Each structure stands twice: as structure tokens, then as C-alpha cells.
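For reference, coords.cif is printed below; it contains mmCIF, C-alpha atoms.
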```
data_query
loop_
_atom_site.label_atom_id
_atom_site.label_comp_id
_atom_site.auth_asym_id
_atom_site.auth_seq_id
_atom_site.Cartn_x
_atom_site.Cartn_y
_atom_site.Cartn_z
CA MET A 5 100.40 172.18 134.81
CA ILE A 6 103.70 172.92 133.10
CA ASP A 7 103.67 176.01 130.91
CA SER A 8 104.81 175.49 127.35
CA LEU A 9 107.46 178.18 127.83
CA ALA A 10 109.03 176.42 130.83
CA ARG A 11 112.08 174.20 130.37
CA VAL A 12 111.90 170.95 132.37
CA HIS A 13 114.62 168.32 132.07
CA SER A 14 113.35 164.89 131.10
CA ASN A 15 114.90 163.09 134.08
CA SER A 16 113.57 165.46 136.74
CA VAL A 17 110.90 163.94 138.98
CA ILE A 18 107.77 166.10 139.09
CA GLY A 19 104.95 165.22 141.50
CA GLU A 20 101.22 165.44 140.90
CA ASN A 21 99.53 168.82 140.45
CA VAL A 22 102.82 170.70 140.24
CA GLN A 23 102.59 174.06 138.45
CA ILE A 24 105.63 175.44 136.62
CA GLY A 25 105.32 178.91 135.13
CA PRO A 26 106.75 180.34 131.90
CA PHE A 27 110.51 180.83 131.55
CA SER A 28 111.29 178.76 134.64
CA THR A 29 114.04 176.16 134.27
CA ILE A 30 114.07 172.79 136.03
CA HIS A 31 117.45 171.07 135.58
CA HIS A 32 118.32 167.36 135.74
CA ASP A 33 118.51 165.52 139.08
CA VAL A 34 115.63 167.52 140.56
CA GLU A 35 112.68 166.26 142.59
CA ILE A 36 109.58 168.39 143.19
CA GLY A 37 106.78 167.22 145.48
CA SER A 38 103.09 167.25 144.66
CA GLY A 39 101.14 170.49 144.81
CA THR A 40 104.21 172.74 144.59
CA VAL A 41 104.02 175.92 142.51
CA ILE A 42 107.09 177.20 140.65
CA TYR A 43 106.26 180.67 139.38
CA SER A 44 107.74 182.24 136.25
CA ASN A 45 111.48 182.88 135.89
CA ALA A 46 112.58 180.66 138.77
CA THR A 47 115.59 178.34 138.44
CA VAL A 48 115.82 174.93 140.11
CA MET A 49 119.27 173.44 139.60
CA PRO A 50 120.70 169.92 139.96
CA GLY A 51 120.45 168.42 143.42
CA ALA A 52 117.25 170.22 144.42
CA ARG A 53 114.79 168.23 146.52
CA ILE A 54 111.65 170.30 147.00
CA GLY A 55 108.80 169.05 149.17
CA LYS A 56 105.04 169.16 148.78
CA ASP A 57 102.90 172.31 148.50
CA CYS A 58 105.85 174.70 148.33
CA ARG A 59 105.85 178.01 146.48
CA ILE A 60 108.93 179.22 144.61
CA PHE A 61 108.63 182.82 143.38
CA PRO A 62 110.18 184.57 140.34
CA GLY A 63 113.93 185.01 140.35
CA ALA A 64 114.58 182.45 143.09
CA VAL A 65 117.50 180.06 142.51
CA ILE A 66 117.45 176.73 144.32
CA SER A 67 120.48 174.40 144.52
CA ALA A 68 123.12 176.43 142.70
CA ILE A 69 126.64 175.20 143.43
CA PRO A 70 128.22 176.52 146.66
CA GLN A 71 130.08 179.81 146.69
CA ASP A 72 133.01 177.97 148.25
CA LEU A 73 136.43 177.59 146.62
CA LYS A 74 136.84 174.18 148.28
CA PHE A 75 133.91 172.79 146.30
CA LYS A 76 135.15 170.31 143.70
CA GLY A 77 131.93 169.40 141.96
CA GLU A 78 130.87 166.64 144.37
CA LYS A 79 127.28 165.46 144.19
CA THR A 80 125.28 167.21 146.91
CA THR A 81 121.73 168.45 147.47
CA ALA A 82 119.60 171.37 148.58
CA GLU A 83 116.54 170.06 150.40
CA ILE A 84 113.37 172.11 150.98
CA GLY A 85 110.65 170.77 153.30
CA ASP A 86 106.90 170.77 152.74
CA ARG A 87 104.81 173.97 152.56
CA THR A 88 107.83 176.26 152.51
CA THR A 89 107.73 179.52 150.55
CA ILE A 90 110.79 180.94 148.80
CA ARG A 91 110.16 184.52 147.71
CA GLU A 92 111.58 186.61 144.87
CA CYS A 93 115.31 186.33 144.13
CA ALA A 94 116.10 184.32 147.26
CA THR A 95 118.94 181.80 146.87
CA VAL A 96 119.55 178.43 148.50
CA ASN A 97 122.91 176.87 147.59
CA ARG A 98 123.51 173.14 147.75
CA GLY A 99 125.96 171.52 150.15
CA THR A 100 129.61 170.57 149.93
CA SER A 101 131.40 167.41 150.98
CA ALA A 102 131.42 168.75 154.56
CA LEU A 103 127.74 167.92 155.12
CA GLY A 104 126.57 166.85 151.69
CA LYS A 105 123.43 168.93 151.76
CA THR A 106 121.78 172.22 152.62
CA VAL A 107 118.47 171.80 154.42
CA VAL A 108 115.51 174.16 154.83
CA GLY A 109 112.69 172.69 156.92
CA SER A 110 108.94 172.66 156.48
CA ASP A 111 106.52 175.59 156.87
CA CYS A 112 109.26 178.20 156.48
CA LEU A 113 109.00 181.63 154.86
CA ILE A 114 112.18 182.79 153.12
CA MET A 115 111.57 186.34 151.94
CA ALA A 116 112.97 188.24 148.96
CA TYR A 117 116.74 188.34 148.41
CA ALA A 118 117.49 186.15 151.42
CA HIS A 119 120.51 183.88 150.99
CA ILE A 120 121.13 180.46 152.55
CA ALA A 121 124.65 179.25 151.87
CA HIS A 122 126.08 175.74 151.59
CA ASP A 123 125.71 173.19 154.39
CA CYS A 124 123.24 175.25 156.42
CA GLU A 125 120.59 173.38 158.39
CA ILE A 126 117.36 175.32 158.94
CA GLY A 127 114.58 173.99 161.15
CA ASN A 128 110.81 174.17 160.71
CA HIS A 129 108.49 177.20 160.94
CA CYS A 130 111.32 179.71 160.45
CA ILE A 131 110.92 183.23 159.02
CA PHE A 132 113.82 184.93 157.24
CA SER A 133 112.97 188.51 156.30
CA ASN A 134 114.24 190.38 153.23
CA VAL A 135 118.01 190.17 152.63
CA ALA A 136 118.69 187.94 155.63
CA THR A 137 122.03 186.38 154.75
CA LEU A 138 123.47 183.14 156.10
CA SER A 139 127.06 182.07 155.50
CA GLY A 140 127.98 178.39 155.29
CA HIS A 141 127.61 175.71 157.97
CA ILE A 142 125.00 177.56 160.06
CA GLN A 143 122.50 175.69 162.22
CA VAL A 144 119.11 177.29 162.87
CA GLY A 145 116.50 175.76 165.15
CA ASP A 146 112.71 175.69 164.86
CA TYR A 147 110.48 178.80 164.99
CA VAL A 148 113.40 181.20 164.51
CA THR A 149 112.82 184.70 163.14
CA ILE A 150 115.73 186.48 161.43
CA SER A 151 114.80 190.05 160.53
CA GLY A 152 115.83 191.91 157.41
CA LEU A 153 119.40 192.88 156.50
CA THR A 154 120.84 190.51 159.09
CA ALA A 155 124.13 188.74 158.34
CA VAL A 156 125.13 185.54 160.14
CA HIS A 157 128.78 184.41 160.37
CA GLN A 158 129.67 180.89 159.24
CA HIS A 159 129.43 178.05 161.78
CA CYS A 160 127.11 180.00 164.08
CA ARG A 161 124.11 178.35 165.73
CA ILE A 162 120.74 179.97 166.42
CA GLY A 163 118.55 178.26 169.00
CA ASN A 164 114.86 177.40 168.84
CA TYR A 165 112.36 180.29 169.07
CA ALA A 166 115.06 182.99 168.89
CA PHE A 167 114.35 186.42 167.39
CA ILE A 168 117.12 188.47 165.75
CA ALA A 169 116.42 192.16 165.15
CA GLY A 170 116.88 193.78 161.76
CA GLY A 171 120.32 194.84 160.60
CA SER A 172 122.12 192.60 163.10
CA LEU A 173 125.60 191.16 162.67
CA VAL A 174 125.62 187.68 164.21
CA ARG A 175 129.17 186.60 165.04
CA MET A 176 128.47 184.22 167.92
CA ASP A 177 125.78 181.67 168.79
CA VAL A 178 122.31 182.95 169.71
CA PRO A 179 120.65 180.87 172.46
CA PRO A 180 117.08 179.56 172.34
CA TYR A 181 113.94 181.53 173.34
CA VAL A 182 115.58 184.99 173.37
CA LYS A 183 115.49 188.31 171.52
CA VAL A 184 118.79 189.84 170.44
CA ALA A 185 119.64 193.26 168.98
CA ARG A 186 122.18 196.15 169.01
CA GLU A 187 125.82 196.22 167.92
CA PRO A 188 127.61 194.25 169.17
CA LEU A 189 124.74 191.81 169.38
CA ALA A 190 123.29 191.57 172.88
CA TYR A 191 120.61 189.76 174.86
CA MET A 192 117.39 191.82 174.98
CA GLY A 193 115.11 189.51 176.92
CA ILE A 194 112.88 186.53 176.31
CA ASN A 195 110.95 186.27 173.04
CA SER A 196 107.84 186.20 175.22
CA LEU A 197 105.23 187.47 172.76
CA ARG A 198 106.15 184.85 170.18
CA LEU A 199 106.27 182.13 172.83
CA GLU A 200 102.85 183.12 174.14
CA ARG A 201 101.37 183.03 170.64
CA LEU A 202 102.81 179.54 170.18
CA GLY A 203 101.15 178.21 173.30
CA PHE A 204 103.80 178.55 175.99
CA THR A 205 102.22 178.99 179.43
CA LEU A 206 103.00 181.94 181.69
CA ASP A 207 104.81 179.60 184.08
CA GLU A 208 107.01 178.27 181.27
CA ILE A 209 107.88 181.80 180.13
CA ASN A 210 108.68 182.89 183.69
CA GLU A 211 110.90 179.84 184.12
CA LEU A 212 112.85 180.75 180.98
CA GLN A 213 113.19 184.33 182.22
CA ASN A 214 114.57 183.09 185.53
CA VAL A 215 117.20 181.01 183.72
CA TYR A 216 118.41 183.93 181.60
CA ARG A 217 118.44 186.28 184.59
CA ILE A 218 121.00 183.95 186.16
CA ILE A 219 123.07 183.83 182.94
CA TYR A 220 122.96 187.52 182.01
CA GLN A 221 122.21 189.40 185.24
CA GLY A 222 123.57 187.13 187.97
CA ASN A 223 127.14 188.53 187.98
CA LEU A 224 128.46 185.00 187.42
CA ASN A 225 130.76 183.56 184.80
CA LEU A 226 129.08 181.15 182.43
CA LYS A 227 130.31 177.98 184.12
CA ASN A 228 129.04 179.10 187.52
CA ALA A 229 125.78 180.38 186.06
CA LEU A 230 125.02 177.02 184.46
CA GLU A 231 125.91 175.24 187.69
CA LYS A 232 123.54 177.49 189.64
CA ILE A 233 120.74 176.76 187.15
CA LYS A 234 121.27 173.03 187.60
CA GLN A 235 121.15 173.39 191.38
CA THR A 236 118.24 175.81 191.78
CA ILE A 237 115.83 175.32 188.85
CA HIS A 238 113.83 172.26 187.87
CA ILE A 239 115.46 170.89 184.71
CA SER A 240 112.63 170.57 182.23
CA PRO A 241 113.30 169.67 178.56
CA LYS A 242 113.26 173.39 177.68
CA ILE A 243 115.81 174.25 180.38
CA ASP A 244 117.95 171.28 179.38
CA ASN A 245 117.86 172.64 175.82
CA ILE A 246 119.36 175.92 177.05
CA ILE A 247 122.07 174.24 179.12
CA SER A 248 123.04 171.91 176.29
CA PHE A 249 123.16 174.82 173.85
CA TYR A 250 125.74 176.65 175.98
CA GLU A 251 127.76 173.57 176.82
CA ASN A 252 128.08 172.55 173.16
CA SER A 253 128.96 175.95 171.70
CA SER A 254 132.22 176.08 169.74
CA ARG A 255 132.05 179.78 168.77
CA GLY A 256 130.77 181.03 172.12
CA VAL A 257 127.35 182.45 172.92
CA ILE A 258 126.42 186.14 172.96
CA ARG A 259 126.82 187.83 176.36
#
```

Is it possible to give me this structure as C-alpha cells?
Amino acid sequence: MIDSLARVHSNSVIGENVQIGPFSTIHHDVEIGSGTVIYSNATVMPGARIGKDCRIFPGAVISAIPQDLKFKGEKTTAEIGDRTTIRECATVNRGTSALGKTVVGSDCLIMAYAHIAHDCEIGNHCIFSNVATLSGHIQVGDYVTISGLTAVHQHCRIGNYAFIAGGSLVRMDVPPYVKVAREPLAYMGINSLRLERLGFTLDEINELQNVYRIIYQGNLNLKNALEKIKQTIHISPKIDNIISFYENSSRGVIR
């Protein structure tokens, strides 16, 4: 159902059973999947690709042009996966020529006033609390929680299942499966409660703890710590994920 007070461009592609509330604006070159609800006073701008069964709340702006002086008007997109919720006044900018798109995965919750800048890639099942702010070119894995009033520096990476405490300043990469807090940002242990709720076994959690004990409490430099992990711990896919994350970091990982 499209409210008579909504403005929907004639060449936008609107799926079945989409609801668009009064005073919302859907620009040209927009695709909205079936079952999605756009509440009143939301703005969906050119290049938006919104999946099925999403909810876009009042004041949200999806696919505005990047806040990047290098942007020259190139055709890019902002892509939102299925069943993702974008709360009040959150903003998701579209990409630049660097990546061509900004991506937010499926089953995410992006709370009020959060900002996702150009060329970010967000995984599935992520939670961004109020006023979580991402600069450009940030990569976020699956099942990541970023608490309120957190700011993430451009080009940082945040690994799968990580938890970032409220009010944090993220200047370096955050590895998978951990909790981080304080200023400067520091390792605070394994995100064990979240992992347990998501079905990780006690043995898997203990294995992850053993890996991070070597990295953060083993009195070794990073190269030697990773070598010790390879020599002493069975390399499961989860452990390989940790090793690869460190070995492929360009900004450096929190210590």
C-alpha cells in the first residue's frame, strides 16, 4: 500500500506488498523488495537497493551521495539485505568509484542516528546501536555488535562476532570473536556470552580463549604469537579466520 501523500518516482521498482507511508519520498533508480515497510518521512534516494521484508523508519535516508570530495557523480548503489531494520534518522550513503557500492547485509538492526558511510561492507546479523558512526571503506563481519556513540576510523576492519563497547574510538582493526573497550581501545576477552547464545560449544569457546591468550598474554610479538598458534593449536576454520585476519591487516590490529 502506497499512501496518497507519499511521492514515488515512476521508474522505481516496488515489490509486492510494500508499504510506503505519508510524506516519504522514493526517488528514481530505486528497487524495494516485497514485504518491505517504509514508514512516514523516510527518504530513499537514487541507487538504493532494498531487500525483502525490511523496515525503514521515519527520518532515515538511504543512498544519499557520499560525503566525500572525491565523488564525481558516478553511478553507485547502497544495498540493504533482507529483513534489515533501519531506525529513525539513520543514514546509509551510497558508494564511490572505489568500490561502487555500500552494502548492509541481511537481518541487521541499525538503530537511530547511526551512520554508514560510502563503500562500507557490513555483514549479516549485525547490531549498530544509537549514533554508531562508520567512516568510509570499513569492513564489518557477521554478528558484530557496535554499541552506541562509537566512531570507527576509515579503512578499519571488524571481525566476525566482535563486540565494541559504547563510546569507543576504533582506530585499528578489531579481530573476530572478542570484546573491546577502554581508551585507547583494548582487548577485554572473548565475546563468550554472545558466542554461547549463538550455539558455540564450550570447547570452541575455550579454544578461542587459548588463541587470544597467546596473542595478548603470551609476552610474544605478533609474528611469534601467530607462529606459536600454528604449531600448538589445531587449526580449525575459526582459528584460521583469526590468523588470516591478523596476517591481512593493513592498519594493524588492537593490542

Give one line per residue of region 78-118 of chain A that approaches region 56-60 of chain A to at most 8 Å, naming the two atoms of the closest pair and their distance in Å to one decimal, counting all atoms listed in the file; sort by chain then ascending residue number and deliver it as a tab-separated table.
```
residue	atom	partner	partner_atom	distance
A:Gly85	CA	A:Lys56	CA	7.4
A:Asp86	CA	A:Lys56	CA	4.7
A:Arg87	CA	A:Cys58	CA	4.4
A:Thr88	CA	A:Cys58	CA	4.9
A:Thr89	CA	A:Arg59	CA	4.7
A:Ile90	CA	A:Ile60	CA	4.9
A:Arg91	CA	A:Ile60	CA	6.3
A:Glu92	CA	A:Ile60	CA	7.9
```

Open item on the list: Can you spell out as JSON, numbers by chain the set of residues that the PyMOL selection byres ((chain A and resi 135-143) around 8) selects in the structure I just provided?
Closed with: {"A": [115, 116, 117, 118, 119, 120, 121, 122, 123, 124, 125, 126, 132, 133, 134, 144, 145, 150, 151, 152, 153, 154, 155, 156, 157, 158, 159, 160, 161, 162]}

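CA of Lys79 (chain A) is positioned 22.3 Å from CA of Arg11 (chain A).
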
Task: Contacts of region 28-37 of chain A within 12 Å, all atoms listed in the file, excl. fewer than 3 positions in-chain, as an NGL selection string - done: :A and (6-25 or 40-68 or 79-88)

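CA of Glu208 (chain A) is found 26.7 Å from CA of Leu113 (chain A).
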
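Nearest-residue note for Leu189 (chain A): choosing from A:Gly109, A:Pro70, A:Gly39, A:Gly171, the minimum distance belongs to A:Gly171, counting all atoms listed in the file.
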
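In this model, the gap between CA of Gly256 (chain A) and CA of Asp207 (chain A) comes to 28.6 Å.
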
Open item on the list: the PyMOL selection byres ((chain A and resi 168) around 9) - which residues does that actually catch in the file I just gave you? List them as a PyMOL selection string.
Closed with: chain A and resi 148-151+154+166-167+169-172+174+178+182-185

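Minimum atom-to-atom distances from A:Leu224, A:Leu199, A:Ile209, A:Leu73 to Arg259 (chain A) were compared using all atoms listed in the file, and the lowest value belongs to A:Leu224.
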
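On the file presented, the PyMOL selection byres ((chain A and resi 130) around 6) picks out Cys112, Asn128, His129, Ile131, Tyr147, Val148 and Thr149 of chain A.
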
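The closest residue to Ile233 (chain A), picked from A:Ile246, A:Val107, A:Leu202, A:Val215 and counting only C-alpha atoms, is A:Val215.
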
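Near Pro180 (chain A), within 6 Å and counting all atoms listed in the file, sit Gly163, Asn164, Tyr165 and Ala166 of chain A, not including residues fewer than 6 positions from it in the same chain.
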
Report the centre and edge lengths, in Å to one decimal, of an axis-aligned box enclosing every atom of region 33-45 of chain A listed in the file, padded by 6 Å on each side, as AutoDock Vina command-line options.
```
--center_x 109.8 --center_y 174.2 --center_z 140.7 --size_x 29.4 --size_y 29.4 --size_z 21.6
```
